[in-house]
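Undergrad: final20.txt is the file, holding compact mmCIF, N, CA and C atoms:
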```
# COMPACT_ATOMS: atom_id res chain seq x y z
N MET A 1 -15.22 -11.79 -7.18
CA MET A 1 -14.87 -11.37 -5.83
C MET A 1 -14.20 -12.52 -5.07
N LYS A 2 -14.71 -13.74 -5.28
CA LYS A 2 -14.14 -14.90 -4.60
C LYS A 2 -12.68 -15.11 -5.01
N ASP A 3 -12.40 -15.01 -6.30
CA ASP A 3 -11.02 -15.17 -6.78
C ASP A 3 -10.12 -14.08 -6.21
N THR A 4 -10.63 -12.86 -6.14
CA THR A 4 -9.86 -11.76 -5.58
C THR A 4 -9.57 -12.00 -4.10
N ALA A 5 -10.53 -12.51 -3.37
CA ALA A 5 -10.32 -12.82 -1.95
C ALA A 5 -9.25 -13.89 -1.78
N PHE A 6 -9.26 -14.91 -2.65
CA PHE A 6 -8.22 -15.94 -2.58
C PHE A 6 -6.85 -15.37 -2.91
N LEU A 7 -6.79 -14.50 -3.91
CA LEU A 7 -5.51 -13.88 -4.25
C LEU A 7 -5.02 -12.99 -3.12
N ALA A 8 -5.94 -12.28 -2.47
CA ALA A 8 -5.56 -11.45 -1.32
C ALA A 8 -5.00 -12.32 -0.19
N ALA A 9 -5.63 -13.48 0.04
CA ALA A 9 -5.14 -14.40 1.07
C ALA A 9 -3.75 -14.94 0.71
N GLU A 10 -3.55 -15.29 -0.54
CA GLU A 10 -2.24 -15.76 -0.99
C GLU A 10 -1.18 -14.68 -0.81
N SER A 11 -1.52 -13.47 -1.20
CA SER A 11 -0.61 -12.35 -1.06
C SER A 11 -0.27 -12.10 0.40
N PHE A 12 -1.28 -12.11 1.25
CA PHE A 12 -1.10 -11.91 2.69
C PHE A 12 -0.14 -12.94 3.26
N LEU A 13 -0.36 -14.21 2.94
CA LEU A 13 0.48 -15.28 3.48
C LEU A 13 1.91 -15.19 2.96
N ALA A 14 2.08 -14.96 1.68
CA ALA A 14 3.42 -14.88 1.10
C ALA A 14 4.20 -13.68 1.64
N ALA A 15 3.55 -12.53 1.68
CA ALA A 15 4.22 -11.32 2.16
C ALA A 15 4.59 -11.44 3.63
N ASN A 16 3.71 -12.02 4.43
CA ASN A 16 4.01 -12.16 5.85
C ASN A 16 5.04 -13.23 6.14
N ALA A 17 5.17 -14.21 5.27
CA ALA A 17 6.25 -15.18 5.43
C ALA A 17 7.61 -14.48 5.27
N VAL A 18 7.71 -13.65 4.24
CA VAL A 18 8.94 -12.89 4.01
C VAL A 18 9.22 -11.95 5.19
N THR A 19 8.20 -11.23 5.61
CA THR A 19 8.35 -10.26 6.68
C THR A 19 8.76 -10.92 8.00
N THR A 20 8.18 -12.05 8.32
CA THR A 20 8.51 -12.74 9.57
C THR A 20 9.97 -13.18 9.58
N VAL A 21 10.43 -13.73 8.47
CA VAL A 21 11.84 -14.13 8.39
C VAL A 21 12.75 -12.92 8.56
N LEU A 22 12.41 -11.82 7.89
CA LEU A 22 13.23 -10.61 8.00
C LEU A 22 13.23 -10.04 9.42
N LYS A 23 12.05 -9.97 10.05
CA LYS A 23 11.92 -9.40 11.39
C LYS A 23 12.90 -10.03 12.37
N TYR A 24 12.89 -11.37 12.40
CA TYR A 24 13.70 -12.06 13.39
C TYR A 24 15.15 -12.23 12.96
N SER A 25 15.42 -12.14 11.67
CA SER A 25 16.80 -12.18 11.19
C SER A 25 17.52 -10.86 11.46
N ILE A 26 16.77 -9.77 11.33
CA ILE A 26 17.36 -8.43 11.50
C ILE A 26 17.36 -8.01 12.96
N GLY A 27 16.27 -8.21 13.66
CA GLY A 27 16.21 -7.92 15.09
C GLY A 27 16.30 -6.46 15.48
N ARG A 28 15.67 -5.59 14.74
CA ARG A 28 15.72 -4.15 15.04
C ARG A 28 14.85 -3.80 16.24
N ALA A 29 15.37 -2.96 17.12
CA ALA A 29 14.63 -2.53 18.31
C ALA A 29 13.46 -1.64 17.92
N ARG A 30 12.36 -1.81 18.63
CA ARG A 30 11.18 -0.96 18.40
C ARG A 30 11.40 0.40 19.06
N PRO A 31 10.73 1.44 18.57
CA PRO A 31 10.91 2.78 19.14
C PRO A 31 10.60 2.86 20.63
N TYR A 32 9.58 2.15 21.10
CA TYR A 32 9.19 2.27 22.50
C TYR A 32 10.23 1.70 23.47
N THR A 33 11.20 0.96 22.98
CA THR A 33 12.23 0.41 23.88
C THR A 33 13.22 1.47 24.33
N GLY A 34 13.32 2.56 23.56
CA GLY A 34 14.26 3.62 23.90
C GLY A 34 15.70 3.29 23.55
N GLU A 35 15.92 2.20 22.83
CA GLU A 35 17.27 1.78 22.48
C GLU A 35 17.82 2.47 21.25
N GLY A 36 16.97 3.13 20.48
CA GLY A 36 17.40 3.81 19.27
C GLY A 36 17.20 2.97 18.03
N ARG A 37 17.10 3.68 16.90
CA ARG A 37 16.78 2.99 15.65
C ARG A 37 17.95 2.19 15.08
N ALA A 38 19.14 2.37 15.61
CA ALA A 38 20.30 1.64 15.10
C ALA A 38 20.68 0.46 16.00
N THR A 39 19.75 0.02 16.85
CA THR A 39 20.01 -1.12 17.73
C THR A 39 19.43 -2.38 17.11
N PHE A 40 20.29 -3.37 16.90
CA PHE A 40 19.89 -4.63 16.28
C PHE A 40 20.35 -5.80 17.14
N LYS A 41 19.47 -6.77 17.32
CA LYS A 41 19.79 -8.02 18.01
C LYS A 41 19.21 -9.17 17.18
N PRO A 42 19.95 -9.54 16.12
CA PRO A 42 19.43 -10.59 15.23
C PRO A 42 19.17 -11.90 15.98
N PHE A 43 18.11 -12.57 15.58
CA PHE A 43 17.72 -13.87 16.10
C PHE A 43 17.47 -13.88 17.61
N SER A 44 17.06 -12.75 18.15
CA SER A 44 16.72 -12.72 19.58
C SER A 44 15.32 -13.29 19.82
N PHE A 45 14.47 -13.28 18.80
CA PHE A 45 13.11 -13.82 18.84
C PHE A 45 12.26 -13.17 19.93
N LYS A 46 12.54 -11.90 20.20
CA LYS A 46 11.72 -11.14 21.15
C LYS A 46 10.98 -10.07 20.37
N ASN A 47 9.75 -9.83 20.74
CA ASN A 47 8.93 -8.84 20.06
C ASN A 47 9.54 -7.44 20.14
N THR A 48 10.27 -7.17 21.20
CA THR A 48 10.89 -5.84 21.35
C THR A 48 11.97 -5.59 20.29
N HIS A 49 12.43 -6.65 19.64
CA HIS A 49 13.44 -6.53 18.59
C HIS A 49 12.95 -7.18 17.30
N ALA A 50 11.72 -6.83 16.94
CA ALA A 50 11.12 -7.33 15.70
C ALA A 50 10.42 -6.18 14.98
N SER A 51 11.13 -5.07 14.87
CA SER A 51 10.52 -3.87 14.30
C SER A 51 10.57 -3.81 12.77
N PHE A 52 11.65 -4.29 12.18
CA PHE A 52 11.85 -4.13 10.74
C PHE A 52 11.66 -5.44 10.01
N PRO A 53 10.79 -5.47 9.03
CA PRO A 53 9.80 -4.49 8.58
C PRO A 53 8.49 -4.64 9.34
N SER A 54 7.60 -3.70 9.16
CA SER A 54 6.31 -3.71 9.84
C SER A 54 5.38 -4.77 9.24
N GLY A 55 4.98 -5.71 10.08
CA GLY A 55 4.08 -6.77 9.63
C GLY A 55 2.68 -6.27 9.33
N HIS A 56 2.17 -5.36 10.19
CA HIS A 56 0.84 -4.81 9.95
C HIS A 56 0.79 -4.06 8.61
N THR A 57 1.83 -3.28 8.35
CA THR A 57 1.88 -2.52 7.10
C THR A 57 2.01 -3.47 5.91
N THR A 58 2.84 -4.49 6.05
CA THR A 58 2.98 -5.49 4.99
C THR A 58 1.62 -6.11 4.68
N SER A 59 0.90 -6.51 5.72
CA SER A 59 -0.41 -7.13 5.55
C SER A 59 -1.36 -6.19 4.82
N ALA A 60 -1.44 -4.96 5.29
CA ALA A 60 -2.37 -3.99 4.71
C ALA A 60 -2.07 -3.74 3.24
N PHE A 61 -0.81 -3.54 2.90
CA PHE A 61 -0.46 -3.24 1.51
C PHE A 61 -0.55 -4.48 0.62
N SER A 62 -0.31 -5.66 1.16
CA SER A 62 -0.43 -6.87 0.34
C SER A 62 -1.88 -7.08 -0.10
N ILE A 63 -2.81 -6.80 0.79
CA ILE A 63 -4.23 -6.94 0.45
C ILE A 63 -4.70 -5.78 -0.43
N ALA A 64 -4.30 -4.56 -0.07
CA ALA A 64 -4.71 -3.39 -0.84
C ALA A 64 -4.24 -3.48 -2.29
N SER A 65 -3.03 -3.95 -2.50
CA SER A 65 -2.49 -4.01 -3.86
C SER A 65 -3.23 -5.03 -4.73
N VAL A 66 -3.71 -6.10 -4.12
CA VAL A 66 -4.49 -7.09 -4.87
C VAL A 66 -5.81 -6.47 -5.32
N PHE A 67 -6.53 -5.84 -4.40
CA PHE A 67 -7.81 -5.23 -4.76
C PHE A 67 -7.63 -4.11 -5.77
N ALA A 68 -6.59 -3.30 -5.60
CA ALA A 68 -6.36 -2.20 -6.53
C ALA A 68 -6.02 -2.72 -7.93
N ALA A 69 -5.28 -3.82 -8.00
CA ALA A 69 -4.88 -4.37 -9.30
C ALA A 69 -6.02 -5.12 -9.98
N ARG A 70 -6.88 -5.73 -9.21
CA ARG A 70 -7.95 -6.56 -9.79
C ARG A 70 -9.14 -5.76 -10.30
N TYR A 71 -9.36 -4.58 -9.74
CA TYR A 71 -10.52 -3.78 -10.13
C TYR A 71 -10.06 -2.48 -10.75
N ASP A 72 -10.60 -2.17 -11.91
CA ASP A 72 -10.23 -0.96 -12.63
C ASP A 72 -11.05 0.21 -12.10
N SER A 73 -10.72 0.60 -10.87
CA SER A 73 -11.46 1.69 -10.22
C SER A 73 -10.49 2.57 -9.45
N THR A 74 -10.40 3.82 -9.87
CA THR A 74 -9.52 4.76 -9.18
C THR A 74 -9.96 4.94 -7.74
N ALA A 75 -11.28 5.02 -7.52
CA ALA A 75 -11.81 5.21 -6.17
C ALA A 75 -11.44 4.04 -5.26
N LEU A 76 -11.53 2.82 -5.77
CA LEU A 76 -11.17 1.65 -4.98
C LEU A 76 -9.68 1.64 -4.67
N GLY A 77 -8.87 2.01 -5.64
CA GLY A 77 -7.42 2.09 -5.43
C GLY A 77 -7.06 3.09 -4.35
N ILE A 78 -7.70 4.26 -4.41
CA ILE A 78 -7.46 5.29 -3.39
C ILE A 78 -7.90 4.80 -2.03
N LEU A 79 -9.07 4.17 -1.97
CA LEU A 79 -9.58 3.64 -0.70
C LEU A 79 -8.67 2.55 -0.15
N ALA A 80 -8.25 1.62 -1.00
CA ALA A 80 -7.41 0.50 -0.55
C ALA A 80 -6.05 1.00 -0.06
N TYR A 81 -5.36 1.77 -0.89
CA TYR A 81 -4.04 2.26 -0.50
C TYR A 81 -4.12 3.32 0.61
N GLY A 82 -5.21 4.07 0.64
CA GLY A 82 -5.41 5.05 1.72
C GLY A 82 -5.57 4.36 3.07
N THR A 83 -6.36 3.29 3.09
CA THR A 83 -6.54 2.52 4.33
C THR A 83 -5.23 1.88 4.76
N ALA A 84 -4.49 1.32 3.81
CA ALA A 84 -3.19 0.72 4.12
C ALA A 84 -2.23 1.77 4.67
N SER A 85 -2.26 2.97 4.09
CA SER A 85 -1.40 4.06 4.56
C SER A 85 -1.75 4.49 5.97
N LEU A 86 -3.05 4.51 6.28
CA LEU A 86 -3.46 4.84 7.66
C LEU A 86 -2.94 3.80 8.65
N THR A 87 -2.94 2.54 8.23
CA THR A 87 -2.38 1.49 9.08
C THR A 87 -0.90 1.77 9.34
N ALA A 88 -0.17 2.12 8.30
CA ALA A 88 1.26 2.42 8.44
C ALA A 88 1.49 3.61 9.37
N LEU A 89 0.72 4.66 9.18
CA LEU A 89 0.87 5.84 10.03
C LEU A 89 0.54 5.55 11.49
N GLN A 90 -0.45 4.71 11.72
CA GLN A 90 -0.81 4.34 13.09
C GLN A 90 0.33 3.59 13.76
N ARG A 91 1.04 2.75 13.02
CA ARG A 91 2.15 1.98 13.59
C ARG A 91 3.28 2.91 14.01
N ILE A 92 3.50 3.98 13.26
CA ILE A 92 4.51 4.97 13.65
C ILE A 92 4.02 5.77 14.85
N TYR A 93 2.79 6.24 14.78
CA TYR A 93 2.19 7.06 15.84
C TYR A 93 2.20 6.33 17.18
N SER A 94 1.97 5.03 17.17
CA SER A 94 1.90 4.27 18.42
C SER A 94 3.28 3.81 18.91
N SER A 95 4.34 4.29 18.27
CA SER A 95 5.73 3.97 18.63
C SER A 95 6.06 2.49 18.51
N MET A 96 5.39 1.82 17.60
CA MET A 96 5.68 0.40 17.36
C MET A 96 6.73 0.22 16.25
N HIS A 97 6.83 1.24 15.36
CA HIS A 97 7.75 1.14 14.23
C HIS A 97 8.38 2.47 13.89
N TRP A 98 9.56 2.38 13.30
CA TRP A 98 10.24 3.54 12.72
C TRP A 98 9.67 3.75 11.32
N PRO A 99 9.77 4.96 10.77
CA PRO A 99 9.26 5.19 9.40
C PRO A 99 9.84 4.24 8.35
N THR A 100 11.11 3.89 8.47
CA THR A 100 11.70 2.97 7.51
C THR A 100 11.10 1.56 7.62
N ASP A 101 10.64 1.19 8.80
CA ASP A 101 9.98 -0.12 8.99
C ASP A 101 8.69 -0.19 8.18
N VAL A 102 7.90 0.87 8.26
CA VAL A 102 6.62 0.86 7.54
C VAL A 102 6.83 1.04 6.04
N PHE A 103 7.86 1.79 5.66
CA PHE A 103 8.16 1.92 4.23
C PHE A 103 8.53 0.56 3.65
N ALA A 104 9.38 -0.18 4.34
CA ALA A 104 9.77 -1.51 3.87
C ALA A 104 8.56 -2.45 3.82
N GLY A 105 7.71 -2.38 4.83
CA GLY A 105 6.50 -3.20 4.83
C GLY A 105 5.59 -2.87 3.67
N ALA A 106 5.46 -1.58 3.36
CA ALA A 106 4.63 -1.16 2.23
C ALA A 106 5.19 -1.68 0.91
N VAL A 107 6.50 -1.63 0.76
CA VAL A 107 7.13 -2.12 -0.48
C VAL A 107 6.95 -3.63 -0.60
N ILE A 108 7.23 -4.36 0.47
CA ILE A 108 7.09 -5.82 0.44
C ILE A 108 5.64 -6.22 0.13
N GLY A 109 4.70 -5.59 0.80
CA GLY A 109 3.29 -5.91 0.58
C GLY A 109 2.83 -5.59 -0.82
N THR A 110 3.21 -4.43 -1.33
CA THR A 110 2.79 -4.02 -2.68
C THR A 110 3.41 -4.90 -3.75
N VAL A 111 4.69 -5.15 -3.64
CA VAL A 111 5.37 -6.00 -4.63
C VAL A 111 4.78 -7.41 -4.62
N THR A 112 4.55 -7.95 -3.45
CA THR A 112 3.98 -9.30 -3.35
C THR A 112 2.57 -9.34 -3.92
N GLY A 113 1.73 -8.39 -3.56
CA GLY A 113 0.36 -8.36 -4.07
C GLY A 113 0.31 -8.26 -5.58
N ARG A 114 1.12 -7.38 -6.14
CA ARG A 114 1.13 -7.23 -7.60
C ARG A 114 1.67 -8.49 -8.28
N ALA A 115 2.67 -9.12 -7.67
CA ALA A 115 3.23 -10.35 -8.25
C ALA A 115 2.20 -11.48 -8.23
N VAL A 116 1.44 -11.59 -7.15
CA VAL A 116 0.41 -12.63 -7.06
C VAL A 116 -0.66 -12.41 -8.13
N VAL A 117 -1.09 -11.19 -8.31
CA VAL A 117 -2.10 -10.88 -9.33
C VAL A 117 -1.55 -11.15 -10.73
N ARG A 118 -0.32 -10.74 -10.99
CA ARG A 118 0.29 -10.96 -12.30
C ARG A 118 0.45 -12.46 -12.57
N TYR A 119 0.88 -13.21 -11.57
CA TYR A 119 1.04 -14.67 -11.73
C TYR A 119 -0.31 -15.32 -12.04
N ALA A 120 -1.34 -14.91 -11.31
CA ALA A 120 -2.68 -15.47 -11.53
C ALA A 120 -3.19 -15.16 -12.94
N LYS A 121 -2.91 -13.97 -13.41
CA LYS A 121 -3.35 -13.57 -14.75
C LYS A 121 -2.61 -14.39 -15.82
N ASP A 122 -1.31 -14.59 -15.62
CA ASP A 122 -0.51 -15.35 -16.58
C ASP A 122 -0.81 -16.84 -16.56
N HIS A 123 -1.34 -17.33 -15.44
CA HIS A 123 -1.61 -18.75 -15.28
C HIS A 123 -3.08 -19.01 -14.97
N SER A 124 -3.97 -18.26 -15.63
CA SER A 124 -5.39 -18.41 -15.35
C SER A 124 -5.84 -19.84 -15.65
N GLY A 125 -6.65 -20.36 -14.76
CA GLY A 125 -7.11 -21.73 -14.89
C GLY A 125 -6.24 -22.72 -14.14
N LYS A 126 -4.99 -22.34 -13.86
CA LYS A 126 -4.08 -23.19 -13.12
C LYS A 126 -3.72 -22.48 -11.82
N SER A 127 -3.82 -23.17 -10.72
CA SER A 127 -3.45 -22.53 -9.47
C SER A 127 -3.06 -23.55 -8.42
N VAL A 128 -2.27 -23.08 -7.48
CA VAL A 128 -1.90 -23.86 -6.31
C VAL A 128 -2.14 -22.97 -5.10
N LEU A 129 -2.86 -23.46 -4.14
CA LEU A 129 -3.13 -22.71 -2.92
C LEU A 129 -2.60 -23.51 -1.75
N LEU A 130 -1.66 -22.92 -1.01
CA LEU A 130 -1.11 -23.54 0.19
C LEU A 130 -1.62 -22.79 1.41
N LEU A 131 -2.16 -23.52 2.36
CA LEU A 131 -2.68 -22.90 3.58
C LEU A 131 -2.12 -23.60 4.81
N PRO A 132 -1.69 -22.83 5.80
CA PRO A 132 -1.22 -23.45 7.03
C PRO A 132 -2.38 -24.05 7.81
N VAL A 133 -2.11 -25.15 8.49
CA VAL A 133 -3.12 -25.81 9.31
C VAL A 133 -2.53 -25.97 10.71
N TYR A 134 -3.27 -25.55 11.70
CA TYR A 134 -2.81 -25.73 13.07
C TYR A 134 -3.97 -26.16 13.94
N GLN A 135 -3.75 -27.20 14.69
CA GLN A 135 -4.66 -27.68 15.72
C GLN A 135 -3.79 -28.12 16.88
N PRO A 136 -4.28 -28.11 18.08
CA PRO A 136 -3.45 -28.59 19.20
C PRO A 136 -2.92 -30.00 18.90
N GLY A 137 -1.62 -30.12 18.94
CA GLY A 137 -0.98 -31.40 18.68
C GLY A 137 -0.68 -31.68 17.22
N TYR A 138 -1.07 -30.77 16.31
CA TYR A 138 -0.83 -30.99 14.89
C TYR A 138 -0.64 -29.65 14.18
N SER A 139 0.35 -29.59 13.32
CA SER A 139 0.50 -28.44 12.44
C SER A 139 1.04 -28.92 11.11
N GLY A 140 0.69 -28.23 10.07
CA GLY A 140 1.14 -28.62 8.75
C GLY A 140 0.62 -27.67 7.69
N VAL A 141 0.60 -28.15 6.47
CA VAL A 141 0.15 -27.35 5.34
C VAL A 141 -0.80 -28.19 4.51
N THR A 142 -1.86 -27.56 4.03
CA THR A 142 -2.76 -28.24 3.10
C THR A 142 -2.65 -27.55 1.75
N ALA A 143 -2.76 -28.33 0.70
CA ALA A 143 -2.61 -27.79 -0.65
C ALA A 143 -3.84 -28.08 -1.49
N SER A 144 -4.18 -27.12 -2.33
CA SER A 144 -5.26 -27.27 -3.30
C SER A 144 -4.67 -26.93 -4.65
N VAL A 145 -4.75 -27.87 -5.61
CA VAL A 145 -4.18 -27.66 -6.93
C VAL A 145 -5.29 -27.71 -7.97
N ARG A 146 -5.31 -26.68 -8.84
CA ARG A 146 -6.27 -26.64 -9.94
C ARG A 146 -5.48 -26.62 -11.25
N PHE A 147 -5.77 -27.56 -12.14
CA PHE A 147 -5.06 -27.60 -13.42
C PHE A 147 -5.99 -28.00 -14.55
```
If you took the structure in this file and wrote it as structure tokens, what would it be?
TA:
Amino acid sequence: MKDTAFLAAESFLAANAVTTVLKYSIGRARPYTGEGRATFKPFSFKNTHASFPSGHTTSAFSIASVFAARYDSTALGILAYGTASLTALQRIYSSMHWPTDVFAGAVIGTVTGRAVVRYAKDHSGKSVLLLPVYQPGYSGVTASVRF
């Protein structure tokens, strides 16, 4: 369970790094702005134009895919992906995202989670864990290497 939790954390961080870069590079307007789904303001760095892809959906699917891949349980897979899907639907329902935003987030999260699990399986016993560190006046990254 501990290894699975670490893999889920790695998947979460990697998937959200990709999503964050895409969000602000693309700059798609959120539904609640009333600007329409074809309105883009790249690099505006405003939350109102950070709709594509959905970060919440990316997070949910990146974690769900790790648990579903690590445990040979149909019930756990249904529970994990079902919960992630509810997260995606809530983001659409609350007018925070367009359907294509959550679809992209689901794909990014799932692909990242499966890749992290596959990499860990292929390199068992060897691992690198990078974690962001932030304190007032200091930010950086800490690394843990196992070989």
Undergrad: Find the residue from A:Lys2, A:Lys23, A:His56, A:Arg118 that sits nearest to Ala88 in chain A; use all atoms listed in the file when measuring.
TA: A:His56
Undergrad: Provide the atom C of Ile63 in chain A to atom C of Leu129 in chain A distance in Å, to one decimal place.
TA: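 About the pair atom C of Ile63 in chain A and atom C of Leu129 in chain A: they are 17.9 Å apart.
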Undergrad: I'd like to know which residues of range 11-104 of chain A are helix (DSSP H, G or I) (by DSSP, run on the backbone); could you write them as an MDAnalysis selection string?
TA: chainID A and resid 11:26 31:33 47:49 55:70 74:93 99:104
Undergrad: Rounded to one decimal in Å, what is the spacing between CA of Ala68 in chain A and CA of Met1 in chain A?
TA: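 Separation of CA of Ala68 in chain A and CA of Met1 in chain A: 12.5 Å.
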Undergrad: Please provide as a PyMOL selection string all residues within 12 Å of Pro53 in chain A, with the sequence filter that same-chain residues fewer than 6 positions apart are discarded (counting only C-alpha atoms).
TA: chain A and resi 15-30+59+88+91-92+96-109
Undergrad: Considering all atoms listed in the file, return as a PyMOL selection string whatever protein or nucleic-acid residues lie within 6.5 Å of Val66 in chain A, sequence-local ones (same chain, fewer than 5 positions apart) excluded.
TA: chain A and resi 7-8+61+71+113-114+117
Undergrad: For the residues selected in the previous step, produce a file with N, CA and C atoms as a compact mmCIF listing (two decimals), in the coordinates of the input.
TA:
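Output contents, as saved in part_9.txt:
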```txt
# COMPACT_ATOMS: atom_id res chain seq x y z
N LEU A 7 -6.79 -14.50 -3.91
CA LEU A 7 -5.51 -13.88 -4.25
C LEU A 7 -5.02 -12.99 -3.12
N ALA A 8 -5.94 -12.28 -2.47
CA ALA A 8 -5.56 -11.45 -1.32
C ALA A 8 -5.00 -12.32 -0.19
N PHE A 61 -0.81 -3.54 2.90
CA PHE A 61 -0.46 -3.24 1.51
C PHE A 61 -0.55 -4.48 0.62
N TYR A 71 -9.36 -4.58 -9.74
CA TYR A 71 -10.52 -3.78 -10.13
C TYR A 71 -10.06 -2.48 -10.75
N GLY A 113 1.73 -8.39 -3.56
CA GLY A 113 0.36 -8.36 -4.07
C GLY A 113 0.31 -8.26 -5.58
N ARG A 114 1.12 -7.38 -6.14
CA ARG A 114 1.13 -7.23 -7.60
C ARG A 114 1.67 -8.49 -8.28
N VAL A 117 -1.09 -11.19 -8.31
CA VAL A 117 -2.10 -10.88 -9.33
C VAL A 117 -1.55 -11.15 -10.73
```
Undergrad: Take atom N of Gly34 in chain A and CA of His49 in chain A and report the distance between them in Å, one decimal.
TA: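 CA of His49 in chain A lies at a distance of 10.4 Å from atom N of Gly34 in chain A.
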Undergrad: Which residue gives the smallest distance to Glu10 in chain A among A:Thr74, A:Asp122, A:Tyr81, A:Val116, with all atoms listed in the file counted?
TA: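 When distances to Glu10 in chain A are compared using all atoms listed in the file, the smallest one comes from A:Val116.
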Undergrad: Would you please work out which residue, of A:Phe6, A:Ser65, A:Phe12, A:Thr48, is nearest to Val111 in chain A when using only C-alpha atoms?
TA: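 The shortest atom-to-atom distance to Val111 in chain A comes from A:Ser65.
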Undergrad: So which one's closest to Ser11 in chain A, A:Ala38, A:Ala115, A:Ala84, A:Ala143? Using all atoms listed in the file, please.
TA: A:Ala115
Undergrad: Looking only at strand (DSSP E or B) from DSSP on the backbone, list the matching residues of chain A as an NGL selection string.
TA: :A and (28 or 40 or 127-135 or 138-146)
